[in-house]
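Engineer: Hey, dropping entry05.txt in here, compact mmCIF, C-alpha atoms (C1' of nucleotides):
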# COMPACT_ATOMS: atom_id res chain seq x y z
CA MET A 19 92.80 142.80 62.08
CA SER A 20 94.19 142.36 58.59
CA THR A 21 93.08 139.32 56.63
CA GLU A 22 96.58 139.01 55.18
CA SER A 23 97.93 137.78 58.47
CA VAL A 24 96.12 134.48 58.05
CA ALA A 25 96.23 134.17 54.24
CA ASP A 26 99.96 134.88 53.95
CA ALA A 27 101.46 132.08 51.86
CA SER A 28 104.82 132.47 53.55
CA LEU A 29 103.18 131.31 56.77
CA ASP A 30 101.95 128.25 54.87
CA ARG A 31 105.49 127.35 53.95
CA ALA A 32 106.97 128.18 57.34
CA PHE A 33 104.48 126.17 59.39
CA LEU A 34 104.56 123.32 56.90
CA ALA A 35 108.34 123.31 57.22
CA LEU A 36 108.00 122.82 60.97
CA ALA A 37 105.46 120.01 60.57
CA ASP A 38 108.16 117.39 60.06
CA PRO A 39 110.38 115.85 62.75
CA VAL A 40 113.41 115.71 60.45
CA ARG A 41 113.19 119.40 59.67
CA ARG A 42 112.63 120.25 63.34
CA ALA A 43 115.75 118.24 64.18
CA LEU A 44 117.65 120.20 61.52
CA ILE A 45 116.49 123.44 63.13
CA ALA A 46 117.51 122.18 66.57
CA ARG A 47 120.96 121.34 65.21
CA LEU A 48 121.32 124.67 63.41
CA SER A 49 120.37 126.60 66.54
CA ARG A 50 123.74 125.43 67.89
CA GLY A 51 125.58 126.86 64.88
CA ALA A 52 125.92 126.70 61.09
CA ALA A 53 126.40 123.34 59.40
CA THR A 54 126.85 121.86 55.94
CA VAL A 55 124.46 119.42 54.27
CA ASN A 56 126.83 116.54 54.92
CA GLU A 57 127.09 117.38 58.59
CA LEU A 58 123.32 117.76 58.85
CA ALA A 59 122.65 114.53 56.98
CA GLU A 60 125.00 112.40 59.08
CA PRO A 61 122.63 111.59 62.01
CA PHE A 62 119.76 110.54 59.73
CA ALA A 63 118.93 107.19 58.21
CA MET A 64 118.25 108.91 54.92
CA THR A 65 120.10 109.77 51.73
CA LYS A 66 121.86 113.10 51.41
CA GLN A 67 119.46 114.00 48.63
CA GLY A 68 116.60 113.49 51.03
CA VAL A 69 118.12 115.79 53.61
CA SER A 70 118.98 118.28 50.88
CA LYS A 71 115.30 118.40 49.97
CA HIS A 72 114.34 119.08 53.56
CA ILE A 73 116.89 121.88 53.66
CA GLN A 74 115.40 123.37 50.53
CA VAL A 75 112.01 123.33 52.18
CA LEU A 76 113.43 125.20 55.16
CA GLU A 77 115.19 127.68 52.89
CA THR A 78 112.09 128.29 50.75
CA ALA A 79 110.18 128.87 53.96
CA GLY A 80 112.76 131.52 54.86
CA LEU A 81 113.71 129.75 58.08
CA ILE A 82 117.33 129.24 57.06
CA THR A 83 119.82 130.99 54.79
CA ARG A 84 122.81 129.59 52.93
CA SER A 85 126.32 130.98 52.56
CA ARG A 86 129.26 129.88 50.44
CA ASN A 87 132.57 128.57 51.72
CA GLY A 88 134.41 127.02 48.79
CA GLN A 89 132.69 123.77 47.90
CA GLN A 90 130.50 123.98 50.97
CA ARG A 91 127.22 125.81 51.38
CA PRO A 92 126.62 126.07 55.11
CA CYS A 93 123.11 126.55 56.50
CA HIS A 94 122.26 129.22 59.06
CA LEU A 95 119.12 129.42 61.16
CA ASP A 96 117.24 132.73 60.87
CA PRO A 97 115.87 133.79 64.27
CA VAL A 98 113.89 136.63 62.74
CA ALA A 99 111.82 134.23 60.65
CA LEU A 100 111.12 132.15 63.74
CA GLU A 101 110.03 135.23 65.60
CA ALA A 102 107.48 136.03 62.89
CA LEU A 103 105.86 132.67 63.63
CA THR A 104 105.72 133.13 67.38
CA ALA A 105 104.35 136.62 66.76
CA TRP A 106 101.53 135.21 64.65
CA ILE A 107 100.64 132.57 67.21
CA ASP A 108 100.87 134.98 70.13
CA THR A 109 98.44 137.37 68.48
CA TYR A 110 95.65 134.85 68.78
CA ARG A 111 96.88 133.07 71.88
CA LEU A 112 96.91 136.27 73.90
CA GLU A 113 93.51 137.27 72.57
CA ALA A 114 92.08 133.89 73.60
CA GLU A 115 93.74 134.03 77.01
CA SER A 116 92.34 137.49 77.57
CA ARG A 117 88.87 136.18 76.76
CA PHE A 118 89.32 133.31 79.18
CA ARG A 119 90.31 135.66 81.95
CA GLN A 120 87.24 137.81 81.29
CA LEU A 121 85.04 134.72 81.33
CA ASP A 122 86.55 133.53 84.59
CA ALA A 123 85.96 136.93 86.14
CA LEU A 124 82.37 136.88 84.94
CA LEU A 125 81.75 133.43 86.41
CA LYS A 126 83.26 134.56 89.68
CA ILE A 127 80.97 137.58 89.84
CA ASN A 128 77.95 135.35 89.21
CA GLU A 129 79.03 132.99 91.98
CA GLU A 130 79.25 135.90 94.37
CA GLY A 131 75.82 136.98 93.26
CA ASP A 132 74.38 133.52 93.91
CA LYS A 133 75.52 133.63 97.51
CA GLN A 134 73.45 136.69 98.24
CA MET B 30 118.19 118.89 75.14
CA SER B 31 115.77 115.99 74.76
CA THR B 32 115.38 114.42 71.33
CA GLU B 33 111.65 114.03 72.00
CA SER B 34 111.12 117.72 71.61
CA VAL B 35 111.73 117.49 67.89
CA ALA B 36 110.31 114.02 67.23
CA ASP B 37 107.03 114.61 69.07
CA ALA B 38 104.23 113.63 66.71
CA SER B 39 101.82 116.07 68.35
CA LEU B 40 104.04 118.88 67.07
CA ASP B 41 103.71 117.39 63.58
CA ARG B 42 99.95 117.66 63.79
CA ALA B 43 99.94 121.09 65.40
CA PHE B 44 102.29 122.75 62.94
CA LEU B 45 100.63 120.99 60.03
CA ALA B 46 97.31 122.34 61.27
CA LEU B 47 98.71 125.88 61.09
CA ALA B 48 100.11 125.36 57.59
CA ASP B 49 96.78 126.18 55.94
CA PRO B 50 95.22 129.62 55.50
CA VAL B 51 91.69 128.33 56.10
CA ARG B 52 92.66 126.78 59.41
CA ARG B 53 94.58 129.90 60.42
CA ALA B 54 91.49 131.96 59.64
CA LEU B 55 89.44 129.60 61.82
CA ILE B 56 91.89 130.14 64.65
CA ALA B 57 91.75 133.90 64.18
CA ARG B 58 87.97 133.71 64.35
CA LEU B 59 87.97 131.48 67.41
CA SER B 60 90.38 133.76 69.25
CA ARG B 61 87.44 136.18 69.41
CA GLY B 62 85.20 133.57 71.02
CA ALA B 63 83.63 130.15 70.57
CA ALA B 64 81.70 129.40 67.38
CA THR B 65 79.76 126.56 65.74
CA VAL B 66 80.68 124.83 62.50
CA ASN B 67 77.95 126.68 60.62
CA GLU B 68 79.17 130.03 61.90
CA LEU B 69 82.75 129.17 61.06
CA ALA B 70 81.86 127.88 57.61
CA GLU B 71 79.85 130.92 56.60
CA PRO B 72 82.71 133.17 55.36
CA PHE B 73 84.29 130.45 53.22
CA ALA B 74 83.62 129.48 49.63
CA MET B 75 83.62 125.85 50.69
CA THR B 76 81.13 123.20 51.75
CA LYS B 77 80.36 122.71 55.42
CA GLN B 78 81.87 119.26 55.20
CA GLY B 79 85.10 120.81 54.04
CA VAL B 80 85.20 123.21 56.97
CA SER B 81 84.22 120.37 59.30
CA LYS B 82 87.29 118.47 58.11
CA HIS B 83 89.53 121.44 58.83
CA ILE B 84 88.03 121.67 62.29
CA GLN B 85 88.76 118.00 62.87
CA VAL B 86 92.37 118.63 61.90
CA LEU B 87 92.56 121.45 64.45
CA GLU B 88 90.90 119.28 67.10
CA THR B 89 93.17 116.30 66.45
CA ALA B 90 96.11 118.67 66.73
CA GLY B 91 94.80 119.70 70.13
CA LEU B 92 94.51 123.35 69.14
CA ILE B 93 90.76 123.49 69.72
CA THR B 94 88.25 121.69 71.93
CA ARG B 95 84.56 121.05 71.38
CA SER B 96 81.66 121.40 73.78
CA ARG B 97 78.02 120.45 73.48
CA ASN B 98 75.07 122.82 73.44
CA GLY B 99 72.04 120.86 72.28
CA GLN B 100 72.42 120.24 68.57
CA GLN B 101 75.43 122.47 68.38
CA ARG B 102 79.03 121.58 69.08
CA PRO B 103 80.86 124.87 69.53
CA CYS B 104 84.62 125.10 69.01
CA HIS B 105 86.96 126.72 71.52
CA LEU B 106 90.53 127.78 70.90
CA ASP B 107 93.05 126.31 73.38
CA PRO B 108 95.68 128.92 74.30
CA VAL B 109 97.76 126.35 76.17
CA ALA B 110 98.29 124.31 73.02
CA LEU B 111 99.35 127.44 71.17
CA GLU B 112 101.79 128.25 73.90
CA ALA B 113 103.44 124.85 73.53
CA LEU B 114 104.23 125.79 69.94
CA THR B 115 105.71 129.19 70.74
CA ALA B 116 107.70 127.51 73.50
CA TRP B 117 109.19 125.04 71.02
CA ILE B 118 110.08 127.75 68.53
CA ASP B 119 111.50 130.06 71.20
CA THR B 120 113.82 127.35 72.47
CA TYR B 121 115.74 127.37 69.22
CA ARG B 122 115.14 130.99 68.29
CA LEU B 123 116.66 132.24 71.54
CA GLU B 124 119.58 129.85 71.23
CA ALA B 125 120.28 131.11 67.69
CA GLU B 126 119.92 134.75 68.75
CA SER B 127 122.32 134.19 71.61
CA ARG B 128 124.83 132.74 69.15
CA PHE B 129 124.42 135.72 66.88
CA ARG B 130 125.07 138.14 69.70
CA GLN B 131 128.21 136.23 70.66
CA LEU B 132 129.37 136.32 67.05
CA ASP B 133 128.71 140.05 66.80
CA ALA B 134 130.67 140.66 69.98
CA LEU B 135 133.54 138.59 68.63
CA LEU B 136 133.61 140.52 65.37
CA LYS B 137 133.59 143.76 67.27
CA ILE B 138 136.55 142.69 69.40
CA ASN B 139 138.51 141.78 66.27
CA GLU B 140 137.72 145.17 64.75
CA GLU B 141 139.04 146.88 67.83
CA GLY B 142 142.15 144.72 67.65
CA ASP B 143 142.73 145.67 64.02
CA LYS B 144 142.80 149.35 64.94
CA GLN B 145 145.72 148.86 67.28
C1' DT C 20 55.64 110.72 65.49
C1' DG C 21 57.59 113.08 61.73
C1' DG C 22 60.07 116.75 59.75
C1' DA C 23 63.77 120.26 60.00
C1' DT C 24 68.46 121.54 61.42
C1' DG C 25 73.53 120.94 63.05
C1' DA C 26 77.05 118.05 62.15
C1' DT C 27 79.56 113.95 60.79
C1' DC C 28 80.70 109.69 57.98
C1' DA C 29 82.07 107.37 53.65
C1' DA C 30 83.85 107.16 49.18
C1' DC C 31 86.05 109.25 45.57
C1' DT C 32 89.32 112.56 42.68
C1' DA C 33 93.12 115.78 42.00
C1' DA C 34 97.06 117.56 43.93
C1' DT C 35 100.95 117.65 46.89
C1' DC C 36 104.69 115.50 49.78
C1' DA C 37 108.50 112.24 51.34
C1' DG C 38 111.87 109.44 49.84
C1' DT C 39 114.49 106.87 46.56
C1' DT C 40 117.92 106.17 42.48
C1' DG C 41 120.81 107.91 38.84
C1' DA C 42 122.82 111.68 36.54
C1' DT C 43 124.89 116.27 36.67
C1' DC C 44 127.25 120.48 38.29
C1' DA C 45 130.94 122.93 40.60
C1' DA C 46 134.95 123.46 43.42
C1' DG C 47 139.35 121.67 45.25
C1' DC C 48 143.53 118.87 44.52
C1' DG C 49 147.16 115.62 42.64
C1' DC D 27 144.10 117.77 32.87
C1' DG D 28 141.79 113.83 35.51
C1' DC D 29 139.85 112.56 40.03
C1' DT D 30 137.52 113.22 44.27
C1' DT D 31 134.16 115.56 47.14
C1' DG D 32 130.03 118.67 48.36
C1' DA D 33 125.75 119.44 46.69
C1' DT D 34 121.89 119.70 43.51
C1' DC D 35 118.74 118.28 39.59
C1' DA D 36 115.40 115.08 37.41
C1' DA D 37 112.30 111.41 37.30
C1' DC D 38 109.73 108.18 39.59
C1' DT D 39 106.82 105.65 43.46
C1' DG D 40 103.90 105.43 47.56
C1' DA D 41 101.56 107.98 50.97
C1' DT D 42 98.97 111.82 52.49
C1' DT D 43 95.97 116.00 51.86
C1' DA D 44 92.15 119.10 50.27
C1' DG D 45 87.94 119.21 48.47
C1' DT D 46 83.75 117.37 46.63
C1' DT D 47 79.03 114.68 46.69
C1' DG D 48 75.69 111.71 48.87
C1' DA D 49 74.15 109.35 52.84
C1' DT D 50 73.65 109.02 57.88
C1' DC D 51 73.32 110.32 62.79
C1' DA D 52 71.48 113.12 66.51
C1' DT D 53 68.86 116.71 68.42
C1' DC D 54 65.19 120.00 68.54
C1' DC D 55 60.38 121.22 67.76
C1' DA D 56 55.44 121.28 65.98
Could you rewrite the structure in this file as structure tokens?
Structural biologist:
Amino acid sequence: MSTESVADASLDRAFLALADPVRRALIARLSRGAATVNELAEPFAMTKQGVSKHIQVLETAGLITRSRNGQQRPCHLDPVALEALTAWIDTYRLEAESRFRQLDALLKINEEGDKQ
Amino acid sequence: MSTESVADASLDRAFLALADPVRRALIARLSRGAATVNELAEPFAMTKQGVSKHIQVLETAGLITRSRNGQQRPCHLDPVALEALTAWIDTYRLEAESRFRQLDALLKINEEGDKQ
DNA sequence: TGGATGATCAACTAATCAGTTGATCAAGCG
DNA sequence: CGCTTGATCAACTGATTAGTTGATCATCCA
């Protein structure tokens, strides 16, 4: 296993970006389609600057991209970036699950042995 | 879609726990089997107290559990907690991917129309 | 009992983060 | 050109985080 996969600073930014309910709500909204800062800011009891900062965090983390439409700069969710995160988690989740299954099997064998 | 799924404070803690290379390395190590604080601390240029704090963050986030073996308190990775995170991400990733496919199909139809 | 070991608690510092206000930039419109 | 609107930049405050040192707790063992 490469050490990079845990020391990668882009994972720092991506997971940190998800560690905030406002940013998760932004992602949930963007999964239903692109939106501008004003549209994204509307549901929140927060200034537009505040939301803009959150969006910058998401963009720096690579989770969203921006386009240009006149004055507006719509945000788009990037599914590929999200997949990189699930891929990281699954690497270790599946390894741990595999271990658990082996352990269960081992315990079962010992139980059978005890009966005899 | 429930609003809780983005405002859940346990997701805050879990994603924040992953937003640190030391803690990700601990998870990578624990995916290969349980380990004590001393064992986990060994590879790091950090005090044991520092590593112990990271472990507490992981435990509070629900990503690991502790058991008791005499003096030792081994850490175990919890695959179920990891799966909750991939499940959250996948909800929005799949939705966004589905949108992208629809958009691609739409563009393709317009291209065909232009030819005629 | 008394010492060694695994691990945590408490207090402190330096750095980072969330949110605000006020100013600024850039594009559209009369 | 002037004015409005979408969005960002800059500076600042309060809260949280990462890491340290020193002390304490709990368990094992001679």
Engineer: Per residue of chain A within 8 Å of chain D, note the shortest atom pair and the distance in Å to one decimal, counting only C-alpha atoms (C1' of nucleotides), and order the rows by chain and increasing residue number, as CSV.
Structural biologist:
residue,atom,partner,partner_atom,distance
A:Val55,CA,D:DA33,C1',7.7
A:Asn56,CA,D:DG32,C1',7.6
A:Gln89,CA,D:DG32,C1',5.8
A:Gln90,CA,D:DG32,C1',5.9
Engineer: List every protein, DNA or RNA residue that has an atom no more than 12 Å from (92.9, 117.4, 62.4) in the file's coordinate frame, counting only C-alpha atoms (C1' of nucleotides), and report them as a list in words.
Structural biologist: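 Within the cut-off we find Ser39, Asp41, Arg42, Ala43, Phe44, Leu45, Ala46, Leu47, Ala48, Asp49, Arg52, Gly79, Val80, Ser81, Lys82, His83, Ile84, Gln85, Val86, Leu87, Glu88, Thr89, Ala90, Gly91, Leu92, Ile93 and Thr94 of chain B; DT43 of chain D.
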Engineer: Hey, can you spit out that residue selection with C-alpha atoms (C1' of nucleotides) as an mmCIF file, keeping the file's coordinate frame?
Structural biologist:
data_model
loop_
_atom_site.group_PDB
_atom_site.id
_atom_site.type_symbol
_atom_site.label_atom_id
_atom_site.label_comp_id
_atom_site.auth_asym_id
_atom_site.auth_seq_id
_atom_site.Cartn_x
_atom_site.Cartn_y
_atom_site.Cartn_z
ATOM 1 C CA SER B 39 101.820 116.070 68.350
ATOM 2 C CA ASP B 41 103.710 117.390 63.580
ATOM 3 C CA ARG B 42 99.950 117.660 63.790
ATOM 4 C CA ALA B 43 99.940 121.090 65.400
ATOM 5 C CA PHE B 44 102.290 122.750 62.940
ATOM 6 C CA LEU B 45 100.630 120.990 60.030
ATOM 7 C CA ALA B 46 97.310 122.340 61.270
ATOM 8 C CA LEU B 47 98.710 125.880 61.090
ATOM 9 C CA ALA B 48 100.110 125.360 57.590
ATOM 10 C CA ASP B 49 96.780 126.180 55.940
ATOM 11 C CA ARG B 52 92.660 126.780 59.410
ATOM 12 C CA GLY B 79 85.100 120.810 54.040
ATOM 13 C CA VAL B 80 85.200 123.210 56.970
ATOM 14 C CA SER B 81 84.220 120.370 59.300
ATOM 15 C CA LYS B 82 87.290 118.470 58.110
ATOM 16 C CA HIS B 83 89.530 121.440 58.830
ATOM 17 C CA ILE B 84 88.030 121.670 62.290
ATOM 18 C CA GLN B 85 88.760 118.000 62.870
ATOM 19 C CA VAL B 86 92.370 118.630 61.900
ATOM 20 C CA LEU B 87 92.560 121.450 64.450
ATOM 21 C CA GLU B 88 90.900 119.280 67.100
ATOM 22 C CA THR B 89 93.170 116.300 66.450
ATOM 23 C CA ALA B 90 96.110 118.670 66.730
ATOM 24 C CA GLY B 91 94.800 119.700 70.130
ATOM 25 C CA LEU B 92 94.510 123.350 69.140
ATOM 26 C CA ILE B 93 90.760 123.490 69.720
ATOM 27 C CA THR B 94 88.250 121.690 71.930
ATOM 28 C "C1'" DT D 43 95.970 116.000 51.860
#
Engineer: What does the distance from atom CA of B:Ala113 to atom C1' of C:DA37 come to in Å, to one decimal?
Structural biologist: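 Straight-line distance from atom CA of B:Ala113 to atom C1' of C:DA37 works out to 26.0 Å.
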Engineer: Write out as a VMD selection string every residue belonging to chain B that has an atom at most 10 Å from any atom of chain A, counting all atoms listed in the file.
Structural biologist: chain B and resid 30 32 to 63 105 to 112 114 to 129
Engineer: Between B:Lys77, B:Arg95, B:Leu69, B:Leu135, which residue has the minimum interatomic distance to chain C, considering all atoms listed in the file?
Structural biologist: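 Among B:Lys77, B:Arg95, B:Leu69, B:Leu135, it is B:Lys77 that comes nearest to chain C.
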Engineer: Any idea what the distance is between atom CA of B:Ala74 and atom C1' of C:DA23?
Structural biologist: 24.2 Å
Engineer: For chain C, report every residue with an atom at most 9 Å from chain B (counting all atoms listed in the file), formatted as a list of chain:residue names.
Structural biologist: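 Taken together, these residues fit the definition: C:DT24, C:DG25, C:DA26, C:DT27.
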Engineer: Padding of 3 Å on every side, edges along x, y and z, all listed atoms of stretch 40-48 of chain C included: what centre and edge lengths in Å, to one decimal, does that box have, as lines of an AutoDock Vina configuration file?
Structural biologist:
center_x = 130.7
center_y = 114.8
center_z = 40.9
size_x = 31.6
size_y = 23.3
size_z = 14.7
Engineer: Any idea what the distance is between atom CA of A:Phe62 and atom C1' of C:DT39?
Structural biologist: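 We find that atom CA of A:Phe62 and atom C1' of C:DT39 lie 14.7 Å from each other.
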Engineer: Starting from the sparse input, extend stretch 47-77 of chain B to N, CA and C atoms and give the output as a PDB file, keeping the file's coordinate frame.
Structural biologist:
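Dumped everything to result35.pdb:
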ATOM      1  N   LEU B  47      98.530 124.438  61.326  1.00  0.00           N
ATOM      2  CA  LEU B  47      98.710 125.880  61.090  1.00  0.00           C
ATOM      3  C   LEU B  47      99.157 126.188  59.667  1.00  0.00           C
ATOM      4  N   ALA B  48      99.550 125.156  58.937  1.00  0.00           N
ATOM      5  CA  ALA B  48     100.110 125.360  57.590  1.00  0.00           C
ATOM      6  C   ALA B  48      99.019 125.461  56.536  1.00  0.00           C
ATOM      7  N   ASP B  49      97.897 126.050  56.881  1.00  0.00           N
ATOM      8  CA  ASP B  49      96.780 126.180  55.940  1.00  0.00           C
ATOM      9  C   ASP B  49      96.035 127.468  56.261  1.00  0.00           C
ATOM     10  N   PRO B  50      95.837 128.315  55.252  1.00  0.00           N
ATOM     11  CA  PRO B  50      95.220 129.620  55.500  1.00  0.00           C
ATOM     12  C   PRO B  50      93.786 129.516  56.021  1.00  0.00           C
ATOM     13  N   VAL B  51      93.051 128.499  55.594  1.00  0.00           N
ATOM     14  CA  VAL B  51      91.690 128.330  56.100  1.00  0.00           C
ATOM     15  C   VAL B  51      91.722 128.049  57.597  1.00  0.00           C
ATOM     16  N   ARG B  52      92.590 127.126  57.988  1.00  0.00           N
ATOM     17  CA  ARG B  52      92.660 126.780  59.410  1.00  0.00           C
ATOM     18  C   ARG B  52      93.186 127.947  60.241  1.00  0.00           C
ATOM     19  N   ARG B  53      94.113 128.723  59.679  1.00  0.00           N
ATOM     20  CA  ARG B  53      94.580 129.900  60.420  1.00  0.00           C
ATOM     21  C   ARG B  53      93.452 130.918  60.576  1.00  0.00           C
ATOM     22  N   ALA B  54      92.627 131.040  59.543  1.00  0.00           N
ATOM     23  CA  ALA B  54      91.490 131.960  59.640  1.00  0.00           C
ATOM     24  C   ALA B  54      90.504 131.463  60.696  1.00  0.00           C
ATOM     25  N   LEU B  55      90.323 130.152  60.794  1.00  0.00           N
ATOM     26  CA  LEU B  55      89.440 129.600  61.820  1.00  0.00           C
ATOM     27  C   LEU B  55      89.984 129.939  63.203  1.00  0.00           C
ATOM     28  N   ILE B  56      91.283 129.810  63.362  1.00  0.00           N
ATOM     29  CA  ILE B  56      91.890 130.140  64.650  1.00  0.00           C
ATOM     30  C   ILE B  56      91.712 131.614  64.968  1.00  0.00           C
ATOM     31  N   ALA B  57      91.920 132.459  63.958  1.00  0.00           N
ATOM     32  CA  ALA B  57      91.750 133.900  64.180  1.00  0.00           C
ATOM     33  C   ALA B  57      90.328 134.191  64.635  1.00  0.00           C
ATOM     34  N   ARG B  58      89.368 133.517  63.970  1.00  0.00           N
ATOM     35  CA  ARG B  58      87.970 133.710  64.350  1.00  0.00           C
ATOM     36  C   ARG B  58      87.705 133.222  65.774  1.00  0.00           C
ATOM     37  N   LEU B  59      88.235 132.073  66.099  1.00  0.00           N
ATOM     38  CA  LEU B  59      87.970 131.480  67.410  1.00  0.00           C
ATOM     39  C   LEU B  59      88.675 132.225  68.534  1.00  0.00           C
ATOM     40  N   SER B  60      89.709 132.977  68.200  1.00  0.00           N
ATOM     41  CA  SER B  60      90.380 133.760  69.250  1.00  0.00           C
ATOM     42  C   SER B  60      89.444 134.849  69.775  1.00  0.00           C
ATOM     43  N   ARG B  61      88.406 135.161  68.974  1.00  0.00           N
ATOM     44  CA  ARG B  61      87.440 136.180  69.410  1.00  0.00           C
ATOM     45  C   ARG B  61      86.242 135.566  70.095  1.00  0.00           C
ATOM     46  N   GLY B  62      86.282 134.240  70.308  1.00  0.00           N
ATOM     47  CA  GLY B  62      85.200 133.570  71.020  1.00  0.00           C
ATOM     48  C   GLY B  62      84.756 132.295  70.337  1.00  0.00           C
ATOM     49  N   ALA B  63      84.075 131.440  71.084  1.00  0.00           N
ATOM     50  CA  ALA B  63      83.630 130.150  70.570  1.00  0.00           C
ATOM     51  C   ALA B  63      82.674 130.339  69.398  1.00  0.00           C
ATOM     52  N   ALA B  64      82.587 129.329  68.540  1.00  0.00           N
ATOM     53  CA  ALA B  64      81.700 129.400  67.380  1.00  0.00           C
ATOM     54  C   ALA B  64      81.351 127.990  66.913  1.00  0.00           C
ATOM     55  N   THR B  65      80.188 127.854  66.270  1.00  0.00           N
ATOM     56  CA  THR B  65      79.760 126.560  65.740  1.00  0.00           C
ATOM     57  C   THR B  65      80.325 126.362  64.336  1.00  0.00           C
ATOM     58  N   VAL B  66      80.192 125.137  63.842  1.00  0.00           N
ATOM     59  CA  VAL B  66      80.680 124.830  62.500  1.00  0.00           C
ATOM     60  C   VAL B  66      79.987 125.716  61.464  1.00  0.00           C
ATOM     61  N   ASN B  67      78.687 125.864  61.583  1.00  0.00           N
ATOM     62  CA  ASN B  67      77.950 126.680  60.620  1.00  0.00           C
ATOM     63  C   ASN B  67      78.446 128.116  60.628  1.00  0.00           C
ATOM     64  N   GLU B  68      78.660 128.660  61.810  1.00  0.00           N
ATOM     65  CA  GLU B  68      79.170 130.030  61.900  1.00  0.00           C
ATOM     66  C   GLU B  68      80.555 130.127  61.282  1.00  0.00           C
ATOM     67  N   LEU B  69      81.380 129.130  61.574  1.00  0.00           N
ATOM     68  CA  LEU B  69      82.750 129.170  61.060  1.00  0.00           C
ATOM     69  C   LEU B  69      82.787 128.997  59.548  1.00  0.00           C
ATOM     70  N   ALA B  70      81.844 128.193  59.040  1.00  0.00           N
ATOM     71  CA  ALA B  70      81.860 127.880  57.610  1.00  0.00           C
ATOM     72  C   ALA B  70      81.357 129.047  56.761  1.00  0.00           C
ATOM     73  N   GLU B  71      80.538 129.882  57.362  1.00  0.00           N
ATOM     74  CA  GLU B  71      79.850 130.920  56.600  1.00  0.00           C
ATOM     75  C   GLU B  71      80.748 131.775  55.698  1.00  0.00           C
ATOM     76  N   PRO B  72      81.913 132.275  56.208  1.00  0.00           N
ATOM     77  CA  PRO B  72      82.710 133.170  55.360  1.00  0.00           C
ATOM     78  C   PRO B  72      83.444 132.473  54.222  1.00  0.00           C
ATOM     79  N   PHE B  73      83.450 131.152  54.180  1.00  0.00           N
ATOM     80  CA  PHE B  73      84.290 130.450  53.220  1.00  0.00           C
ATOM     81  C   PHE B  73      83.524 129.957  51.995  1.00  0.00           C
ATOM     82  N   ALA B  74      84.189 130.026  50.857  1.00  0.00           N
ATOM     83  CA  ALA B  74      83.620 129.480  49.630  1.00  0.00           C
ATOM     84  C   ALA B  74      83.940 127.987  49.594  1.00  0.00           C
ATOM     85  N   MET B  75      83.296 127.272  50.512  1.00  0.00           N
ATOM     86  CA  MET B  75      83.620 125.850  50.690  1.00  0.00           C
ATOM     87  C   MET B  75      82.404 125.195  51.334  1.00  0.00           C
ATOM     88  N   THR B  76      82.248 123.901  51.127  1.00  0.00           N
ATOM     89  CA  THR B  76      81.130 123.200  51.750  1.00  0.00           C
ATOM     90  C   THR B  76      81.345 123.111  53.264  1.00  0.00           C
ATOM     91  N   LYS B  77      80.241 122.879  53.971  1.00  0.00           N
ATOM     92  CA  LYS B  77      80.360 122.710  55.420  1.00  0.00           C
ATOM     93  C   LYS B  77      81.184 121.480  55.763  1.00  0.00           C
TER      94      LYS B  77
END
